[in-house]
file start_7.txt (compact mmCIF, C-alpha atoms)
# COMPACT_ATOMS: atom_id res chain seq x y z
CA MET A 1 28.21 26.89 50.15
CA LYS A 2 29.78 27.07 46.67
CA ARG A 3 31.33 23.65 47.19
CA ASN A 4 27.96 22.11 48.14
CA LEU A 5 26.36 23.65 45.07
CA VAL A 6 29.05 22.16 42.80
CA GLY A 7 28.61 18.76 44.50
CA LEU A 8 24.82 18.98 44.07
CA ARG A 9 25.18 19.87 40.39
CA SER A 10 27.56 16.94 39.88
CA ALA A 11 25.17 14.55 41.61
CA ILE A 12 22.23 15.79 39.51
CA GLY A 13 24.35 15.42 36.36
CA LEU A 14 25.22 11.82 37.24
CA ILE A 15 21.57 11.01 37.94
CA VAL A 16 20.52 12.48 34.57
CA LEU A 17 23.27 10.53 32.75
CA ALA A 18 22.31 7.31 34.54
CA GLY A 19 18.66 7.88 33.58
CA LEU A 20 19.65 8.37 29.94
CA GLY A 21 21.68 5.18 30.03
CA LEU A 22 18.74 3.21 31.41
CA THR A 23 16.46 4.65 28.74
CA GLN A 24 18.88 3.62 25.99
CA ALA A 25 19.11 0.07 27.37
CA SER A 26 15.33 -0.39 27.64
CA ALA A 27 13.39 -2.53 25.20
CA GLN A 28 12.12 -0.50 22.26
CA VAL A 29 11.25 -0.39 18.59
CA LEU A 30 14.26 0.78 16.59
CA THR A 31 14.12 4.01 14.62
CA ALA A 32 14.43 3.89 10.83
CA ASP A 33 18.02 5.18 11.09
CA GLN A 34 18.98 2.55 13.67
CA VAL A 35 17.57 -0.23 11.50
CA LYS A 36 19.24 1.02 8.31
CA LYS A 37 22.63 1.14 10.06
CA ALA A 38 22.31 -2.45 11.29
CA ALA A 39 20.49 -4.17 8.39
CA PRO A 40 22.33 -5.93 5.56
CA ASN A 41 22.08 -4.77 1.93
CA SER A 42 21.37 -8.32 0.77
CA PHE A 43 20.37 -11.56 2.44
CA PHE A 44 21.57 -15.07 1.58
CA PHE A 45 18.75 -17.62 1.53
CA SER A 46 18.32 -20.99 -0.14
CA GLY A 47 21.41 -20.79 -2.32
CA GLN A 48 21.30 -17.18 -3.49
CA SER A 49 21.30 -13.57 -2.29
CA GLY A 50 18.44 -11.16 -2.70
CA ALA A 51 18.53 -7.38 -2.34
CA VAL A 52 17.02 -6.07 0.89
CA GLN A 53 14.22 -3.53 0.37
CA ALA A 54 15.59 -0.58 2.39
CA ARG A 55 12.13 1.01 2.72
CA ASN A 56 10.71 -2.19 4.27
CA LEU A 57 12.82 -2.75 7.37
CA GLY A 58 11.95 -2.89 11.06
CA GLY A 59 13.42 -4.01 14.31
CA PHE A 60 13.56 -3.83 18.06
CA LYS A 61 15.94 -4.36 20.92
CA ASN A 62 15.30 -6.14 24.19
CA SER A 63 16.13 -4.73 27.61
CA ALA A 64 19.68 -6.15 27.34
CA GLY A 65 20.22 -4.24 24.09
CA LYS A 66 20.12 -7.35 21.85
CA LEU A 67 18.73 -6.60 18.36
CA THR A 68 16.16 -8.29 16.19
CA LEU A 69 15.87 -7.10 12.59
CA ALA A 70 13.26 -7.92 9.95
CA GLY A 71 13.11 -6.83 6.35
CA LEU A 72 11.62 -7.68 3.02
CA VAL A 73 13.81 -9.05 0.24
CA ASP A 74 13.53 -8.89 -3.54
CA THR A 75 12.71 -12.52 -4.36
CA ALA A 76 12.98 -12.16 -8.15
CA GLY A 77 15.08 -15.03 -9.44
CA TYR A 78 14.07 -17.47 -6.72
CA ALA A 79 12.20 -20.62 -7.70
CA THR A 80 8.42 -20.18 -7.55
CA ALA A 81 8.04 -22.69 -4.71
CA ILE A 82 10.46 -20.67 -2.55
CA ALA A 83 9.24 -17.20 -3.58
CA GLU A 84 5.67 -18.18 -2.64
CA LYS A 85 6.53 -18.46 1.03
CA TYR A 86 9.79 -16.48 1.38
CA GLN A 87 9.22 -12.74 1.71
CA GLY A 88 11.89 -11.52 4.05
CA PHE A 89 14.61 -12.08 6.61
CA LEU A 90 14.67 -12.20 10.38
CA ILE A 91 18.00 -11.78 12.17
CA THR A 92 18.00 -12.02 15.94
CA GLU A 93 20.67 -11.82 18.64
CA THR A 94 18.30 -13.20 21.27
CA LYS A 95 15.86 -16.07 21.60
CA LEU A 96 12.38 -15.18 20.32
CA GLY A 97 9.08 -16.59 21.49
CA PHE A 98 5.94 -16.85 19.38
CA GLU A 99 2.59 -18.25 20.36
CA GLY A 100 3.25 -21.80 19.22
CA GLY A 101 7.03 -21.78 18.87
CA SER A 102 10.42 -20.25 19.57
CA LEU A 103 13.57 -19.35 17.65
CA ASP A 104 17.17 -19.41 18.79
CA PRO A 105 19.47 -16.50 17.87
CA GLY A 106 20.35 -16.63 14.19
CA ALA A 107 19.33 -15.66 10.67
CA TYR A 108 16.12 -16.90 9.07
CA GLY A 109 13.80 -16.37 6.13
CA PHE A 110 10.10 -15.77 6.76
CA GLY A 111 6.81 -15.33 4.98
CA PHE A 112 3.09 -15.00 5.55
CA LYS A 113 1.08 -17.49 3.49
CA ASN A 114 -2.41 -19.01 3.77
CA GLY A 115 -3.01 -17.69 7.30
CA LYS A 116 0.37 -18.91 8.55
CA PHE A 117 3.62 -17.25 9.53
CA VAL A 118 6.41 -19.53 8.32
CA VAL A 119 10.02 -19.21 9.46
CA MET A 120 12.72 -21.12 7.59
CA ASN A 121 16.42 -21.66 8.16
CA VAL A 122 18.74 -20.27 5.47
CA ALA A 123 18.59 -23.60 3.62
CA GLY A 124 14.83 -23.05 3.12
CA THR A 125 13.65 -25.73 5.57
CA ASP A 126 10.62 -24.80 7.69
CA VAL A 127 11.51 -24.23 11.35
CA ILE A 128 8.22 -22.73 12.60
CA SER A 129 4.78 -22.57 11.07
CA ILE A 130 2.19 -20.81 13.25
CA ALA A 131 -1.14 -19.12 12.69
CA SER A 132 -0.93 -15.43 11.83
CA GLN A 133 -3.55 -12.91 12.85
CA SER A 134 -5.22 -10.12 10.92
CA ASP A 135 -5.69 -6.56 12.16
CA GLU A 136 -8.57 -5.01 10.24
CA LYS A 137 -8.17 -1.76 12.24
CA VAL A 138 -5.01 -0.91 10.29
CA LYS A 139 -6.17 1.94 8.05
CA HIS A 140 -3.12 2.17 5.79
CA PRO A 141 -1.30 -1.17 5.72
CA VAL A 142 2.35 -1.13 4.72
CA PRO A 143 4.47 -4.04 3.48
CA LEU A 144 6.40 -4.41 6.76
CA LYS A 145 6.14 -2.76 10.17
CA VAL A 146 7.16 -3.47 13.77
CA GLU A 147 5.08 -2.10 16.69
CA LYS A 148 5.30 -2.50 20.46
CA ASP A 149 2.60 -4.80 21.90
CA GLY A 150 2.71 -5.12 25.70
CA ASP A 151 5.85 -7.09 26.55
CA GLY A 152 6.33 -8.11 22.92
CA TYR A 153 6.21 -6.71 19.40
CA ARG A 154 3.92 -7.14 16.42
CA LEU A 155 5.60 -7.98 13.14
CA TYR A 156 3.19 -6.84 10.42
CA ALA A 157 3.05 -7.66 6.73
CA GLY A 158 0.14 -5.53 5.57
CA ARG A 159 -2.70 -6.39 7.96
CA LYS A 160 -1.29 -9.83 8.84
CA TYR A 161 0.88 -10.07 11.94
CA VAL A 162 2.42 -12.25 14.64
CA VAL A 163 3.42 -11.30 18.16
CA VAL A 164 7.13 -11.76 18.91
CA LYS A 165 8.49 -11.83 22.46
CA PRO A 166 12.26 -11.51 22.95
CA ASP A 167 14.07 -13.10 25.91
call {"tool": "encode", "arguments": {"input": "start_7.txt", "output": "structure tokens"}}
result
Amino acid sequence: MKRNLVGLRSAIGLIVLAGLGLTQASAQVLTADQVKKAAPNSFFFSGQSGAVQARNLGGFKNSAGKLTLAGLVDTAGYATAIAEKYQGFLITETKLGFEGGSLDPGAYGFGFKNGKFVVMNVAGTDVISIASQSDEKVKHPVPLKVEKDGDGYRLYAGRKYVVVKPD
């Protein structure tokens, strides 16, 4: 009887551990601590580095555990033409889909301008330019936020956003 009880406890323990492992591997928005541990302190874009704004970071992981990070960057010192459309960085370990485009794994600059979400390679060349949406229901907009949205995520800059779907 005692042996069966020990075996049952061991089996329950393994089931609980397996459940925790599956939960950790599931797709989810990253916590502030997880993002801060993974995000860079500065980001190289178009010939120079800008400081990452630690309070304006977000990210998520897909079901395979691959990360996507987004953050705002201090663009002081950049040429006006670049600073007008470059607001932050996007680093992804997985392919990302947007309504109207896709991105391969890599590091990119992004910005929201004139109703568009523009993604640029690190040389500053546009890679994607798609329509952004506006969420007027957001009561207290913040500079950058990531939220779960069905099988994707919303990347917000204030009330403007795009839906991102990782592979």
call {"tool": "residues_around", "arguments": {"input": "start_7.txt", "residues": "A:Ser42", "least_positions_apart": "2", "cutoff": "10 Å", "atoms": "only C-alpha atoms", "output": "PyMOL selection string"}}
result
chain A and resi 39-40+44-45+48-54+73-74+89
call {"tool": "residues_around", "arguments": {"input": "start_7.txt", "residues": "A:Lys160", "least_positions_apart": "4", "cutoff": "9 Å", "atoms": "all atoms listed in the file", "output": "PyMOL selection string"}}
result
chain A and resi 112+115+117+132-136+155-156
call {"tool": "atom_distance", "arguments": {"input": "start_7.txt", "atom1": "atom CA of A:Tyr161", "atom2": "atom CA of A:Phe43"}}
result
21.7 Å
call {"tool": "closest_residue", "arguments": {"input": "start_7.txt", "among": "A:Thr31, A:Asp104, A:Leu144, A:Thr92", "to": "A:Val127", "atoms": "only C-alpha atoms"}}
result
A:Asp104
call {"tool": "closest_residue", "arguments": {"input": "start_7.txt", "among": "A:Gly65, A:Thr80, A:Phe98, A:Gly152", "to": "A:Ile128", "atoms": "only C-alpha atoms"}}
result
A:Phe98
call {"tool": "atom_distance", "arguments": {"input": "start_7.txt", "atom1": "atom CA of A:Lys165", "atom2": "atom CA of A:Ala81"}}
result
29.3 Å
call {"tool": "residues_around", "arguments": {"input": "start_7.txt", "residues": "A:Leu67", "least_positions_apart": "2", "cutoff": "8 Å", "atoms": "all atoms listed in the file", "output": "ChimeraX atom specification"}}
result
/A:59-62,65,69,92-94
call {"tool": "atom_distance", "arguments": {"input": "start_7.txt", "atom1": "atom CA of A:Ala32", "atom2": "atom CA of A:Thr68"}}
result
13.4 Å
call {"tool": "closest_residue", "arguments": {"input": "start_7.txt", "among": "A:Ala64, A:Met120, A:Leu103, A:Val29", "to": "A:Tyr86", "atoms": "only C-alpha atoms"}}
result
A:Met120
call {"tool": "closest_residue", "arguments": {"input": "start_7.txt", "among": "A:Gly88, A:Leu30, A:Lys145, A:Lys139", "to": "A:Val118", "atoms": "all atoms listed in the file"}}
result
A:Gly88
call {"tool": "closest_residue", "arguments": {"input": "start_7.txt", "among": "A:Val146, A:Ile91, A:Leu57, A:Val162", "to": "A:Ser129", "atoms": "all atoms listed in the file"}}
result
A:Val162
call {"tool": "build_atoms", "arguments": {"input": "start_7.txt", "residues": "stretch 97-118 of chain A", "atoms": "N, CA and C atoms", "output": "PDB file, in the coordinates of the input"}}
result
ATOM      1  N   GLY A  97      10.239 -15.739  21.242  1.00  0.00           N
ATOM      2  CA  GLY A  97       9.080 -16.590  21.490  1.00  0.00           C
ATOM      3  C   GLY A  97       7.900 -16.133  20.662  1.00  0.00           C
ATOM      4  N   PHE A  98       7.172 -17.096  20.126  1.00  0.00           N
ATOM      5  CA  PHE A  98       5.940 -16.850  19.380  1.00  0.00           C
ATOM      6  C   PHE A  98       4.882 -17.734  20.024  1.00  0.00           C
ATOM      7  N   GLU A  99       3.632 -17.369  19.881  1.00  0.00           N
ATOM      8  CA  GLU A  99       2.590 -18.250  20.360  1.00  0.00           C
ATOM      9  C   GLU A  99       2.619 -19.493  19.470  1.00  0.00           C
ATOM     10  N   GLY A 100       3.154 -20.573  19.997  1.00  0.00           N
ATOM     11  CA  GLY A 100       3.250 -21.800  19.220  1.00  0.00           C
ATOM     12  C   GLY A 100       4.652 -22.145  18.779  1.00  0.00           C
ATOM     13  N   GLY A 101       5.670 -21.440  19.260  1.00  0.00           N
ATOM     14  CA  GLY A 101       7.030 -21.780  18.870  1.00  0.00           C
ATOM     15  C   GLY A 101       8.057 -20.813  19.407  1.00  0.00           C
ATOM     16  N   SER A 102       9.328 -21.142  19.168  1.00  0.00           N
ATOM     17  CA  SER A 102      10.420 -20.250  19.570  1.00  0.00           C
ATOM     18  C   SER A 102      11.563 -20.397  18.573  1.00  0.00           C
ATOM     19  N   LEU A 103      12.399 -19.369  18.532  1.00  0.00           N
ATOM     20  CA  LEU A 103      13.570 -19.350  17.650  1.00  0.00           C
ATOM     21  C   LEU A 103      14.807 -19.033  18.462  1.00  0.00           C
ATOM     22  N   ASP A 104      15.884 -19.731  18.189  1.00  0.00           N
ATOM     23  CA  ASP A 104      17.170 -19.410  18.790  1.00  0.00           C
ATOM     24  C   ASP A 104      17.788 -18.242  18.030  1.00  0.00           C
ATOM     25  N   PRO A 105      18.782 -17.561  18.608  1.00  0.00           N
ATOM     26  CA  PRO A 105      19.470 -16.500  17.870  1.00  0.00           C
ATOM     27  C   PRO A 105      19.979 -17.039  16.533  1.00  0.00           C
ATOM     28  N   GLY A 106      19.891 -16.213  15.508  1.00  0.00           N
ATOM     29  CA  GLY A 106      20.350 -16.630  14.190  1.00  0.00           C
ATOM     30  C   GLY A 106      19.716 -15.832  13.080  1.00  0.00           C
ATOM     31  N   ALA A 107      19.870 -16.325  11.860  1.00  0.00           N
ATOM     32  CA  ALA A 107      19.330 -15.660  10.670  1.00  0.00           C
ATOM     33  C   ALA A 107      18.353 -16.623   9.994  1.00  0.00           C
ATOM     34  N   TYR A 108      17.206 -16.092   9.610  1.00  0.00           N
ATOM     35  CA  TYR A 108      16.120 -16.900   9.070  1.00  0.00           C
ATOM     36  C   TYR A 108      15.428 -16.167   7.925  1.00  0.00           C
ATOM     37  N   GLY A 109      14.726 -16.925   7.103  1.00  0.00           N
ATOM     38  CA  GLY A 109      13.800 -16.370   6.130  1.00  0.00           C
ATOM     39  C   GLY A 109      12.406 -16.513   6.703  1.00  0.00           C
ATOM     40  N   PHE A 110      11.481 -15.644   6.289  1.00  0.00           N
ATOM     41  CA  PHE A 110      10.100 -15.770   6.760  1.00  0.00           C
ATOM     42  C   PHE A 110       9.134 -15.366   5.665  1.00  0.00           C
ATOM     43  N   GLY A 111       7.880 -15.744   5.883  1.00  0.00           N
ATOM     44  CA  GLY A 111       6.810 -15.330   4.980  1.00  0.00           C
ATOM     45  C   GLY A 111       5.458 -15.553   5.620  1.00  0.00           C
ATOM     46  N   PHE A 112       4.473 -14.826   5.145  1.00  0.00           N
ATOM     47  CA  PHE A 112       3.090 -15.000   5.550  1.00  0.00           C
ATOM     48  C   PHE A 112       2.367 -15.634   4.362  1.00  0.00           C
ATOM     49  N   LYS A 113       1.765 -16.812   4.589  1.00  0.00           N
ATOM     50  CA  LYS A 113       1.080 -17.490   3.490  1.00  0.00           C
ATOM     51  C   LYS A 113      -0.063 -18.337   4.040  1.00  0.00           C
ATOM     52  N   ASN A 114      -1.236 -18.197   3.422  1.00  0.00           N
ATOM     53  CA  ASN A 114      -2.410 -19.010   3.770  1.00  0.00           C
ATOM     54  C   ASN A 114      -2.720 -18.998   5.264  1.00  0.00           C
ATOM     55  N   GLY A 115      -2.685 -17.806   5.885  1.00  0.00           N
ATOM     56  CA  GLY A 115      -3.010 -17.690   7.300  1.00  0.00           C
ATOM     57  C   GLY A 115      -1.928 -18.168   8.244  1.00  0.00           C
ATOM     58  N   LYS A 116      -0.746 -18.432   7.725  1.00  0.00           N
ATOM     59  CA  LYS A 116       0.370 -18.910   8.550  1.00  0.00           C
ATOM     60  C   LYS A 116       1.554 -17.956   8.441  1.00  0.00           C
ATOM     61  N   PHE A 117       2.332 -17.920   9.505  1.00  0.00           N
ATOM     62  CA  PHE A 117       3.620 -17.250   9.530  1.00  0.00           C
ATOM     63  C   PHE A 117       4.647 -18.382   9.526  1.00  0.00           C
ATOM     64  N   VAL A 118       5.446 -18.451   8.476  1.00  0.00           N
ATOM     65  CA  VAL A 118       6.410 -19.530   8.320  1.00  0.00           C
ATOM     66  C   VAL A 118       7.815 -18.955   8.451  1.00  0.00           C
TER      67      VAL A 118
END
